[in-house]
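Trainee: Here you go, this is my_file.pdb (PDB, C-alpha atoms and all ligand atoms).
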ATOM      1  CA  GLU A  46     127.214 127.273  76.937
ATOM      2  CA  ALA A  47     123.631 127.771  75.799
ATOM      3  CA  LYS A  48     124.486 129.451  72.497
ATOM      4  CA  ASN A  49     126.587 126.452  71.464
ATOM      5  CA  ILE A  50     123.635 124.124  71.756
ATOM      6  CA  PRO A  51     122.213 123.611  68.285
ATOM      7  CA  GLY A  52     118.821 125.272  67.906
ATOM      8  CA  ASN A  53     116.566 122.293  68.296
ATOM      9  CA  SER A  54     118.453 120.314  70.908
ATOM     10  CA  TYR A  55     117.197 122.430  73.799
ATOM     11  CA  SER A  56     113.599 122.068  72.705
ATOM     12  CA  LEU A  57     114.239 118.396  72.126
ATOM     13  CA  PHE A  58     115.456 118.205  75.720
ATOM     14  CA  LEU A  59     112.332 120.020  76.894
ATOM     15  CA  SER A  60     110.012 117.773  74.973
ATOM     16  CA  GLU A  61     111.772 114.681  76.288
ATOM     17  CA  LEU A  62     111.529 116.045  79.799
ATOM     18  CA  ASN A  63     107.876 116.753  79.218
ATOM     19  CA  ASP A  64     107.320 113.216  77.936
ATOM     20  CA  ARG A  65     108.979 111.869  81.019
ATOM     21  CA  ILE A  66     106.853 113.978  83.361
ATOM     22  CA  GLN A  67     103.687 112.941  81.541
ATOM     23  CA  ASP A  68     104.850 109.367  81.658
ATOM     24  CA  ARG A  69     105.311 109.608  85.427
ATOM     25  CA  GLN A  70     101.898 111.223  85.800
ATOM     26  CA  ARG A  71     100.334 108.480  83.717
ATOM     27  CA  VAL A  72     102.035 105.855  85.847
ATOM     28  CA  GLU A  73     100.947 107.638  89.027
ATOM     29  CA  MET A  74      97.314 107.859  87.923
ATOM     30  CA  ALA A  75      97.252 104.230  86.902
ATOM     31  CA  LEU A  76      98.964 103.146  90.088
ATOM     32  CA  LEU A  77      96.111 104.656  92.109
ATOM     33  CA  ASP A  78      93.835 101.776  91.115
ATOM     34  CA  ALA A  79      96.490  99.109  90.868
ATOM     35  CA  VAL A  80      96.108  97.835  94.408
ATOM     36  CA  ALA A  81      92.315  98.031  94.456
ATOM     37  CA  ASN A  82      92.026  96.392  91.030
ATOM     38  CA  LYS A  83      94.408  93.579  91.951
ATOM     39  CA  GLN A  84      96.877  94.424  89.191
ATOM     40  CA  LEU A  85      99.855  93.834  91.457
ATOM     41  CA  TYR A  86     101.341  90.420  92.005
ATOM     42  CA  ILE A  87     104.535  89.031  93.393
ATOM     43  CA  HIS A  88     107.238  86.907  91.867
ATOM     44  CA  TYR A  89     109.727  84.924  93.902
ATOM     45  CA  GLN A  90     113.381  84.546  93.014
ATOM     46  CA  PRO A  91     115.311  81.706  94.658
ATOM     47  CA  GLN A  92     118.283  82.339  96.925
ATOM     48  CA  VAL A  93     120.672  79.404  97.174
ATOM     49  CA  ASP A  94     123.277  78.185  99.612
ATOM     50  CA  MET A  95     126.521  78.496  97.637
ATOM     51  CA  GLU A  96     128.128  75.779  99.743
ATOM     52  CA  THR A  97     125.548  73.031  99.232
ATOM     53  CA  GLY A  98     123.554  74.281  96.253
ATOM     54  CA  TYR A  99     120.228  73.946  98.095
ATOM     55  CA  CYS A 100     117.541  76.596  97.919
ATOM     56  CA  LEU A 101     117.303  78.653 101.125
ATOM     57  CA  GLY A 102     114.251  80.719 100.237
ATOM     58  CA  ALA A 103     113.309  83.556  97.932
ATOM     59  CA  GLU A 104     113.147  87.307  97.451
ATOM     60  CA  ALA A 105     109.690  88.769  96.812
ATOM     61  CA  LEU A 106     109.670  91.079  93.790
ATOM     62  CA  VAL A 107     106.528  93.034  93.024
ATOM     63  CA  ARG A 108     105.082  93.058  89.489
ATOM     64  CA  TRP A 109     102.391  95.188  87.912
ATOM     65  CA  GLN A 110     100.175  94.151  85.028
ATOM     66  CA  HIS A 111      98.188  97.094  83.693
ATOM     67  CA  PRO A 112      95.451  96.609  81.039
ATOM     68  CA  GLU A 113      96.878  99.356  78.771
ATOM     69  CA  LEU A 114     100.443  99.909  79.942
ATOM     70  CA  GLY A 115     101.172  96.189  79.981
ATOM     71  CA  THR A 116     103.733  94.788  82.410
ATOM     72  CA  VAL A 117     105.357  97.715  84.162
ATOM     73  CA  ARG A 118     108.776  97.023  85.684
ATOM     74  CA  PRO A 119     109.415  98.055  89.281
ATOM     75  CA  ASP A 120     112.261 100.320  88.105
ATOM     76  CA  ARG A 121     109.556 102.376  86.438
ATOM     77  CA  PHE A 122     106.897 102.487  89.137
ATOM     78  CA  ILE A 123     108.583 102.078  92.532
ATOM     79  CA  SER A 124     110.101 105.578  92.456
ATOM     80  CA  VAL A 125     106.739 107.022  91.364
ATOM     81  CA  ALA A 126     105.078 105.144  94.214
ATOM     82  CA  GLU A 127     107.718 106.497  96.598
ATOM     83  CA  ASP A 128     107.312 110.110  95.472
ATOM     84  CA  SER A 129     103.538 109.951  95.787
ATOM     85  CA  GLY A 130     103.524 108.041  99.069
ATOM     86  CA  MET A 131     101.647 105.124  97.523
ATOM     87  CA  ILE A 132     104.594 102.896  98.348
ATOM     88  CA  ILE A 133     103.267 102.767 101.910
ATOM     89  CA  GLU A 134     100.060 101.039 100.850
ATOM     90  CA  ILE A 135     101.840  98.943  98.229
ATOM     91  CA  GLY A 136     104.566  98.003 100.698
ATOM     92  CA  ARG A 137     102.021  96.854 103.276
ATOM     93  CA  TRP A 138     100.268  94.783 100.657
ATOM     94  CA  VAL A 139     103.540  93.186  99.521
ATOM     95  CA  LEU A 140     104.469  92.310 103.101
ATOM     96  CA  GLU A 141     101.088  90.705 103.798
ATOM     97  CA  GLN A 142     100.814  88.848 100.497
ATOM     98  CA  ALA A 143     104.409  87.605 100.584
ATOM     99  CA  CYS A 144     104.118  86.342 104.161
ATOM    100  CA  ALA A 145     100.886  84.536 103.247
ATOM    101  CA  ASP A 146     102.562  83.027 100.160
ATOM    102  CA  ALA A 147     105.574  81.866 102.179
ATOM    103  CA  MET A 148     103.219  79.957 104.498
ATOM    104  CA  LYS A 149     102.334  77.794 101.469
ATOM    105  CA  TRP A 150     105.935  76.762 100.792
ATOM    106  CA  PRO A 151     106.555  73.044 101.191
ATOM    107  CA  LYS A 152     109.675  73.826 103.221
ATOM    108  CA  PRO A 153     110.203  76.624 105.784
ATOM    109  CA  GLY A 154     112.529  78.776 103.647
ATOM    110  CA  LYS A 155     113.512  82.378 104.228
ATOM    111  CA  LEU A 156     111.406  85.115 102.673
ATOM    112  CA  ALA A 157     113.110  88.406 101.767
ATOM    113  CA  VAL A 158     110.910  91.480 101.229
ATOM    114  CA  ASN A 159     112.125  94.850  99.934
ATOM    115  CA  VAL A 160     111.156  97.766 102.144
ATOM    116  CA  SER A 161     111.483 101.361 100.929
ATOM    117  CA  ALA A 162     113.085 104.205 102.881
ATOM    118  CA  VAL A 163     109.754 106.021 102.546
ATOM    119  CA  GLN A 164     108.107 103.249 104.569
ATOM    120  CA  PHE A 165     110.711 103.880 107.252
ATOM    121  CA  GLU A 166     110.068 107.582 107.305
ATOM    122  CA  TYR A 167     106.278 107.730 106.992
ATOM    123  CA  GLY A 168     104.901 104.221 106.869
ATOM    124  CA  ASP A 169     105.088 102.912 110.432
ATOM    125  CA  VAL A 170     107.115 100.015 109.131
ATOM    126  CA  VAL A 171     107.333  98.247 112.505
ATOM    127  CA  SER A 172     103.578  97.809 112.815
ATOM    128  CA  ALA A 173     103.288  96.921 109.118
ATOM    129  CA  ILE A 174     105.734  94.040 109.658
ATOM    130  CA  LYS A 175     104.093  92.999 112.919
ATOM    131  CA  HIS A 176     100.682  92.978 111.269
ATOM    132  CA  ALA A 177     101.853  90.898 108.294
ATOM    133  CA  LEU A 178     103.450  88.330 110.614
ATOM    134  CA  GLU A 179     100.393  88.136 112.858
ATOM    135  CA  VAL A 180      97.854  87.748 110.072
ATOM    136  CA  SER A 181      99.919  85.176 108.168
ATOM    137  CA  LYS A 182     101.320  83.393 111.232
ATOM    138  CA  LEU A 183     104.723  83.335 109.517
ATOM    139  CA  PRO A 184     107.410  82.895 112.188
ATOM    140  CA  ALA A 185     109.453  86.116 112.443
ATOM    141  CA  ASP A 186     112.734  84.290 111.893
ATOM    142  CA  ARG A 187     111.599  83.288 108.414
ATOM    143  CA  LEU A 188     111.402  86.924 107.318
ATOM    144  CA  ASP A 189     114.225  89.189 106.141
ATOM    145  CA  ILE A 190     113.623  92.744 105.083
ATOM    146  CA  GLU A 191     115.884  94.256 102.413
ATOM    147  CA  ILE A 192     116.723  97.914 102.790
ATOM    148  CA  THR A 193     119.089 100.157 100.867
ATOM    149  CA  GLU A 194     121.593 102.638 102.191
ATOM    150  CA  SER A 195     119.155 105.429 101.311
ATOM    151  CA  VAL A 196     117.350 104.576 104.556
ATOM    152  CA  PHE A 197     120.256 106.132 106.439
ATOM    153  CA  VAL A 198     120.644 109.344 104.460
ATOM    154  CA  THR A 199     118.406 111.240 106.852
ATOM    155  CA  LYS A 200     117.505 110.657 110.493
ATOM    156  CA  GLN A 201     120.199 108.026 110.916
ATOM    157  CA  ASP A 202     119.758 107.496 114.637
ATOM    158  CA  LYS A 203     115.992 107.252 114.412
ATOM    159  CA  PHE A 204     116.158 104.623 111.671
ATOM    160  CA  ILE A 205     118.834 102.619 113.435
ATOM    161  CA  GLN A 206     116.468 102.518 116.403
ATOM    162  CA  THR A 207     113.589 101.415 114.149
ATOM    163  CA  LEU A 208     115.807  98.685 112.720
ATOM    164  CA  ASN A 209     116.638  97.537 116.221
ATOM    165  CA  GLU A 210     112.932  97.175 116.961
ATOM    166  CA  ILE A 211     112.583  95.039 113.836
ATOM    167  CA  VAL A 212     115.586  92.909 114.775
ATOM    168  CA  ASP A 213     114.138  92.492 118.291
ATOM    169  CA  MET A 214     111.047  90.914 116.724
ATOM    170  CA  GLY A 215     113.332  88.244 115.283
ATOM    171  CA  VAL A 216     113.229  89.546 111.706
ATOM    172  CA  GLY A 217     116.494  89.655 109.728
ATOM    173  CA  VAL A 218     117.790  92.710 107.888
ATOM    174  CA  ALA A 219     119.755  92.674 104.638
ATOM    175  CA  LEU A 220     121.495  95.708 103.161
ATOM    176  CA  ASP A 221     120.550  95.666  99.466
ATOM    177  CA  ASP A 222     122.530  96.987  96.473
ATOM    178  CA  PHE A 223     125.599  97.266  98.654
ATOM    179  CA  GLY A 224     128.423  99.315  97.193
ATOM    180  CA  THR A 225     126.261 101.623  95.104
ATOM    181  CA  GLY A 226     125.332 104.076  97.859
ATOM    182  CA  TYR A 227     127.127 106.344 100.238
ATOM    183  CA  SER A 228     128.092 104.328 103.255
ATOM    184  CA  SER A 229     131.586 103.072 103.815
ATOM    185  CA  LEU A 230     132.459  99.570 104.869
ATOM    186  CA  SER A 231     133.369 100.753 108.362
ATOM    187  CA  TYR A 232     129.923 102.329 108.728
ATOM    188  CA  LEU A 233     128.477  98.853 108.263
ATOM    189  CA  SER A 234     129.633  97.801 111.719
ATOM    190  CA  ARG A 235     127.231 100.284 113.331
ATOM    191  CA  LEU A 236     124.152  99.007 111.539
ATOM    192  CA  PRO A 237     121.936  96.235 112.900
ATOM    193  CA  VAL A 238     122.163  94.344 109.645
ATOM    194  CA  ASP A 239     122.913  90.630 109.398
ATOM    195  CA  LYS A 240     123.228  90.265 105.635
ATOM    196  CA  VAL A 241     124.902  92.297 102.932
ATOM    197  CA  LYS A 242     123.832  91.975  99.300
ATOM    198  CA  ILE A 243     126.601  92.738  96.845
ATOM    199  CA  ASP A 244     125.068  94.758  94.037
ATOM    200  CA  GLN A 245     124.742  93.045  90.697
ATOM    201  CA  SER A 246     126.864  95.704  88.991
ATOM    202  CA  PHE A 247     129.910  94.192  90.752
ATOM    203  CA  VAL A 248     128.907  90.631  89.870
ATOM    204  CA  LYS A 249     128.272  91.467  86.231
ATOM    205  CA  ASN A 250     131.903  91.721  85.161
ATOM    206  CA  LEU A 251     133.266  88.835  87.196
ATOM    207  CA  PRO A 252     135.586  87.097  86.999
ATOM    208  CA  GLU A 253     137.617  89.067  84.420
ATOM    209  CA  ASP A 254     137.288  92.557  85.845
ATOM    210  CA  GLU A 255     139.930  93.009  88.543
ATOM    211  CA  GLN A 256     138.300  96.045  90.108
ATOM    212  CA  SER A 257     134.983  94.223  90.607
ATOM    213  CA  MET A 258     136.849  91.261  92.039
ATOM    214  CA  ALA A 259     138.702  93.506  94.488
ATOM    215  CA  ILE A 260     135.450  95.136  95.647
ATOM    216  CA  VAL A 261     133.767  91.760  96.076
ATOM    217  CA  GLN A 262     136.714  90.438  98.052
ATOM    218  CA  SER A 263     136.867  93.415 100.385
ATOM    219  CA  VAL A 264     133.099  93.343 101.010
ATOM    220  CA  LEU A 265     133.418  89.637 101.784
ATOM    221  CA  SER A 266     136.349  89.925 104.165
ATOM    222  CA  LEU A 267     134.916  92.855 106.115
ATOM    223  CA  SER A 268     131.405  91.448 106.280
ATOM    224  CA  THR A 269     132.711  88.100 107.442
ATOM    225  CA  ALA A 270     134.808  89.816 110.123
ATOM    226  CA  MET A 271     131.645  91.625 111.256
ATOM    227  CA  ASN A 272     129.682  88.375 111.357
ATOM    228  CA  LYS A 273     127.416  89.299 108.488
ATOM    229  CA  ARG A 274     126.442  86.912 105.726
ATOM    230  CA  VAL A 275     126.983  87.947 102.142
ATOM    231  CA  VAL A 276     124.504  87.471  99.304
ATOM    232  CA  ALA A 277     125.621  88.025  95.712
ATOM    233  CA  GLU A 278     122.859  89.136  93.355
ATOM    234  CA  GLY A 279     122.678  89.005  89.579
ATOM    235  CA  ILE A 280     124.601  85.747  89.126
ATOM    236  CA  GLU A 281     124.070  84.748  85.503
ATOM    237  CA  THR A 282     127.036  82.552  84.614
ATOM    238  CA  LYS A 283     128.738  79.481  86.024
ATOM    239  CA  ASP A 284     132.039  81.356  86.163
ATOM    240  CA  GLN A 285     130.489  84.047  88.321
ATOM    241  CA  ALA A 286     129.045  81.416  90.663
ATOM    242  CA  TRP A 287     132.343  79.564  90.942
ATOM    243  CA  VAL A 288     134.483  82.588  91.616
ATOM    244  CA  LEU A 289     132.046  83.939  94.226
ATOM    245  CA  ARG A 290     131.815  80.588  95.906
ATOM    246  CA  LEU A 291     135.599  80.296  95.964
ATOM    247  CA  ALA A 292     135.854  83.778  97.471
ATOM    248  CA  GLY A 293     133.588  82.620 100.317
ATOM    249  CA  CYS A 294     130.268  84.152  99.368
ATOM    250  CA  GLY A 295     127.619  82.168 101.274
ATOM    251  CA  ILE A 296     124.408  82.924  99.391
ATOM    252  CA  GLY A 297     123.705  83.455  95.696
ATOM    253  CA  GLN A 298     120.812  84.810  93.666
ATOM    254  CA  GLY A 299     120.477  85.289  89.921
ATOM    255  CA  TYR A 300     119.070  84.003  86.661
ATOM    256  CA  LEU A 301     121.583  81.100  86.746
ATOM    257  CA  PHE A 302     119.725  79.635  89.737
ATOM    258  CA  GLY A 303     116.248  80.825  88.854
ATOM    259  CA  ARG A 304     114.243  83.722  87.463
ATOM    260  CA  PRO A 305     111.662  85.535  89.540
ATOM    261  CA  GLN A 306     108.614  83.248  89.197
ATOM    262  CA  SER A 307     105.081  82.713  90.474
ATOM    263  CA  ASN A 308     104.704  81.343  93.972
ATOM    264  CA  GLU A 309     103.184  78.214  92.486
ATOM    265  CA  LYS A 310     106.310  77.540  90.418
ATOM    266  CA  PHE A 311     108.597  78.418  93.282
ATOM    267  CA  CYS A 312     106.756  75.933  95.518
ATOM    268  CA  LYS A 313     107.365  73.191  92.948
ATOM    269  CA  MET A 314     111.052  74.043  92.864
ATOM    270  CA  LEU A 315     111.263  73.894  96.666
ATOM    271  CA  ALA A 316     109.371  70.613  96.739
ATOM    272  CA  ILE A 317     111.765  68.945  94.305
ATOM    273  CA  ASP A 318     114.529  70.046  96.655
ATOM    274  CA  GLU A 319     117.498  69.304  94.435
ATOM    275  CA  PRO A 320     120.769  71.184  94.879
ATOM    276  CA  GLN A 321     121.944  73.373  91.991
ATOM    277  CA  GLU A 322     124.000  71.082  89.788
ATOM    278  CA  ILE A 323     126.726  73.612  89.111
ATOM    279  CA  LEU A 324     127.397  74.094  92.826
ATOM    280  CA  GLN A 325     127.272  70.383  93.514
ATOM    281  CA  LYS A 326     130.082  69.871  91.017
ATOM    282  CA  ALA A 327     132.071  72.640  92.618
ATOM    283  CA  ALA A 328     131.685  70.920  95.984
ATOM    284  CA  SER A 329     133.100  67.576  94.885
TER     285      SER A 329
HETATM  286  P1  LIG A 401     116.531  94.541  94.028
HETATM  287  O1  LIG A 401     115.851  94.409  95.326
HETATM  288  O2  LIG A 401     117.985  94.789  94.043
HETATM  289  O3  LIG A 401     116.144  93.215  93.229
HETATM  290  C1  LIG A 401     116.991  92.573  92.332
HETATM  291  C2  LIG A 401     116.622  92.881  90.904
HETATM  292  O4  LIG A 401     117.540  92.206  90.042
HETATM  293  C3  LIG A 401     115.256  92.374  90.485
HETATM  294  O5  LIG A 401     114.752  93.284  89.517
HETATM  295  C4  LIG A 401     115.572  91.035  89.816
HETATM  296  O6  LIG A 401     114.580  90.606  88.916
HETATM  297  C5  LIG A 401     116.851  91.386  89.130
HETATM  298  N1  LIG A 401     117.697  90.205  88.882
HETATM  299  C6  LIG A 401     117.793  89.086  89.614
HETATM  300  N2  LIG A 401     118.694  88.223  89.102
HETATM  301  C7  LIG A 401     119.215  88.826  88.017
HETATM  302  C8  LIG A 401     120.213  88.435  87.061
HETATM  303  O7  LIG A 401     120.807  87.358  87.110
HETATM  304  N3  LIG A 401     120.485  89.337  86.080
HETATM  305  C9  LIG A 401     119.859  90.545  85.985
HETATM  306  N4  LIG A 401     120.194  91.364  84.993
HETATM  307  N5  LIG A 401     118.899  90.943  86.867
HETATM  308  C10 LIG A 401     118.593  90.090  87.881
HETATM  309  P2  LIG A 401     113.249  93.776  89.543
HETATM  310  O8  LIG A 401     112.338  92.676  89.940
HETATM  311  O9  LIG A 401     112.996  94.478  88.263
HETATM  312  O10 LIG A 401     113.244  94.842  90.729
HETATM  313  C11 LIG A 401     114.000  96.009  90.648
HETATM  314  C12 LIG A 401     114.032  96.734  91.965
HETATM  315  O11 LIG A 401     112.730  97.193  92.317
HETATM  316  C13 LIG A 401     114.470  95.862  93.128
HETATM  317  O12 LIG A 401     115.872  95.736  93.158
HETATM  318  C14 LIG A 401     113.927  96.663  94.280
HETATM  319  O13 LIG A 401     114.799  97.723  94.609
HETATM  320  C15 LIG A 401     112.643  97.231  93.708
HETATM  321  N6  LIG A 401     111.507  96.414  94.187
HETATM  322  C16 LIG A 401     111.002  95.270  93.694
HETATM  323  N7  LIG A 401     109.960  94.836  94.431
HETATM  324  C17 LIG A 401     109.822  95.738  95.434
HETATM  325  C18 LIG A 401     108.919  95.865  96.555
HETATM  326  O14 LIG A 401     108.043  95.026  96.820
HETATM  327  N8  LIG A 401     109.083  96.961  97.373
HETATM  328  C19 LIG A 401     110.060  97.897  97.140
HETATM  329  N9  LIG A 401     110.160  98.938  97.979
HETATM  330  N10 LIG A 401     110.922  97.789  96.125
HETATM  331  C20 LIG A 401     110.802  96.729  95.268
HETATM  332 MG    MG A 402     116.184  93.410  96.998
HETATM  333 MG    MG A 403     119.623  94.578  94.926
HETATM  334 MG    MG A 404     118.196  97.202  92.932
END
Could you spell out this file's structure in C-alpha cells?
Ligand code: C2E
Ligand code: MG
Ligand code: MG
Ligand code: MG
Mentor:
Amino acid sequence: EAKNIPGNSYSLFLSELNDRIQDRQRVEMALLDAVANKQLYIHYQPQVDMETGYCLGAEALVRWQHPELGTVRPDRFISVAEDSGMIIEIGRWVLEQACADAMKWPKPGKLAVNVSAVQFEYGDVVSAIKHALEVSKLPADRLDIEITESVFVTKQDKFIQTLNEIVDMGVGVALDDFGTGYSSLSYLSRLPVDKVKIDQSFVKNLPEDEQSMAIVQSVLSLSTAMNKRVVAEGIETKDQAWVLRLAGCGIGQGYLFGRPQSNEKFCKMLAIDEPQEILQKAAS
C-alpha cells in the first residue's frame, strides 16, 4: 500500500528509474555510432568435445569498447539495440565479421553466432545469413546460429518456417539458454533445432544441487531421444565438467575451457590442438 511506503522511497524509486532510462538513452545514442566508428569487436569462446577434450569451434560474442563508457557488456546494450532496431545492423555485422574470422582458423571448426528474435521478425535473417556465407565463402555446415525461445513467442509458424529455410541452407540451429524460457521439453520436438544449450544457471550449482542435476538429466535424456546434441554453458569447475560428461553431455563451454578471446588468440589455441587435460584424464 502506497501510504506504507516511507516518504522518500517512492521518489528514490522514481529517481532510480529515471537514471535507468537516461542510462538506456545514453547507451542508445552512443550505439548509433558504434558500428560506423568500429567500436564493436568480437570475442570467441571455445566449445569442446566432452568425450575427447578437443576444441570443436567457438561461439562469437560481441563486445563494445566506447571511448567514454568503456567496455560495455552485451547484457547492457543488446536489449537497447533490440528495442531500437539497431540489432539488425549490428547482427548483420556480427554475422559477416564472424564468418570472415572463422575463415582464418587453422582448422575448420564450427562457428556459433547469436541471432536475436528481432532479426527474425524484422531483419530478413535468411538473406543476412546467405550474404555473410557468400561474402566470406564459409561453408554453410560450419555455421550454427543460436536462438532463444523468445523467437517463438509470437508468429510461431512463420518463424519455424524461417528456421527451416536456414536449416535447408545447411546451417545448424542451437536453442540457447534452454530451460529459462517458456517452452516445454515436448515442444522441442517440433522445432528444427539440432542442438540444445543448457543454460548456465543450471550448470552453476552442479554437482551438489539435486534440482539442477535433475533438470540437466531430463534435458539430456529427452534431447538425446530427439537426436539433438546438448551443449552445457558456463562450465567453470572440473567437478561440473566431470558430472556433465558422465551424464552424457556431448559439448561443453565455459571459463574452465577458455574465456571469450580475440580471434588471434583463439586461432593459436586451435593450432596447438591439444585436448583439454581434465577431459583427457576423465577418458582414461
Ligand atoms: P549467451 O549467448 O548465452 O552467451 C553466453 C554468455 O556466458 C557470454 O556472456 C559468455 O561470456 C558467458 N560465459 C561463458 N562461459 C562462462 C562461465 O564459465 N561463467 C560465466 N559466469 N559466464 C560465462 P556475454 O559475452 O556477456 O554475452 C551475454 C549475452 O549477450 C549472450 O548470452 C547473448 O545472449 C548476448 N549476445 C552476445 N553477443 C551477441 C550477438 O552478437 N548477437 C546477439 N543477438 N546477442 C549477443
Ligand atoms: Mg549464445
Ligand atoms: Mg546462453
Ligand atoms: Mg544468455
Trainee: Which polymer residues, whether protein, DNA or RNA, lie within 12 Å of the coordinate (110.2, 99.5, 86.0) when you count only C-alpha atoms? List them as a list in words, using the chain letters and numbers from the file.
Mentor: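 In the file's frame, the residues around the point are Arg69, Val72, Leu106, Val107, Arg108, Trp109, Gln110, Leu114, Gly115, Thr116, Val117, Arg118, Pro119, Asp120, Arg121, Phe122, Ile123, Ser124, Val125 and Ala126 of chain A.
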Trainee: If the PyMOL selection byres (((chain A and resi 133) around 8) and not hetatm) is run on the structure shown, which residues does it catch, given as a list in words?
Mentor: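 Taken over the shown coordinates, the PyMOL selection byres (((chain A and resi 133) around 8) and not hetatm) returns Glu127, Gly130, Met131, Ile132, Glu134, Ile135, Gly136, Arg137, Val163, Gln164, Tyr167 and Gly168 of chain A.
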Trainee: List all protein, DNA and RNA residues that have any atom at most 12 Å from ligand MG 402 (chain A), counting all atoms listed in the file, and write the list as number ranges by chain.
Mentor: A: 89-92, 103-107, 119-120, 156-161, 189-194, 218-223, 240-245, 276-279, 298-299, 305
Trainee: Suppose you want the space between CA of Asp284 in chain A and atom O8 of ligand LIG 401 (chain A); what is it in Å?
Mentor: 23.0 Å
Trainee: Just say which residues the PyMOL selection byres (((chain A and resi 144) around 10) and not hetatm) picks in this file, as a ChimeraX atom specification.
Mentor: /A:105,138-143,145-149,156-158,174,177-185,187-188
Trainee: Just give me the gap between CA of Asp254 in chain A and CA of Ser266 in chain A in Å, one decimal is fine.
Mentor: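 Answer for the CA of Asp254 in chain A to CA of Ser266 in chain A separation: 18.5 Å.
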Trainee: List, as a compact mmCIF listing (two decimals) with C-alpha atoms, keeping the file's coordinate frame, every residue that the PyMOL selection byres (((chain A and resi 207) around 10) and not hetatm) selects in the file provided.
Mentor:
# COMPACT_ATOMS: atom_id res chain seq x y z
CA PHE A 165 110.71 103.88 107.25
CA GLU A 166 110.07 107.58 107.30
CA ASP A 169 105.09 102.91 110.43
CA VAL A 170 107.12 100.02 109.13
CA VAL A 171 107.33 98.25 112.50
CA GLN A 201 120.20 108.03 110.92
CA ASP A 202 119.76 107.50 114.64
CA LYS A 203 115.99 107.25 114.41
CA PHE A 204 116.16 104.62 111.67
CA ILE A 205 118.83 102.62 113.44
CA GLN A 206 116.47 102.52 116.40
CA LEU A 208 115.81 98.68 112.72
CA ASN A 209 116.64 97.54 116.22
CA GLU A 210 112.93 97.18 116.96
CA ILE A 211 112.58 95.04 113.84
CA VAL A 212 115.59 92.91 114.78
CA ASP A 213 114.14 92.49 118.29
CA PRO A 237 121.94 96.24 112.90
Trainee: One number please: atom O6 of ligand LIG 401 (chain A) to CA of Gly297 in chain A, in Å, one decimal.
Mentor: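 Computed distance, atom O6 of ligand LIG 401 (chain A) to CA of Gly297 in chain A, equals 13.4 Å.
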Trainee: Check the smallest atom-to-atom distance from each of A:Val216, A:Ala292, A:Val275, A:Ile66 to Asp186 in chain A using all atoms listed in the file, then report the winner.
Mentor: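 When distances to Asp186 in chain A are compared using all atoms listed in the file, the smallest one comes from A:Val216.
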Trainee: Counting only C-alpha atoms, what is within 12 Å of His111 in chain A, bar same-chain residues fewer than 5 positions away, as a PyMOL selection string?
Mentor: chain A and resi 71-72+74-80+82-86+116-118+122
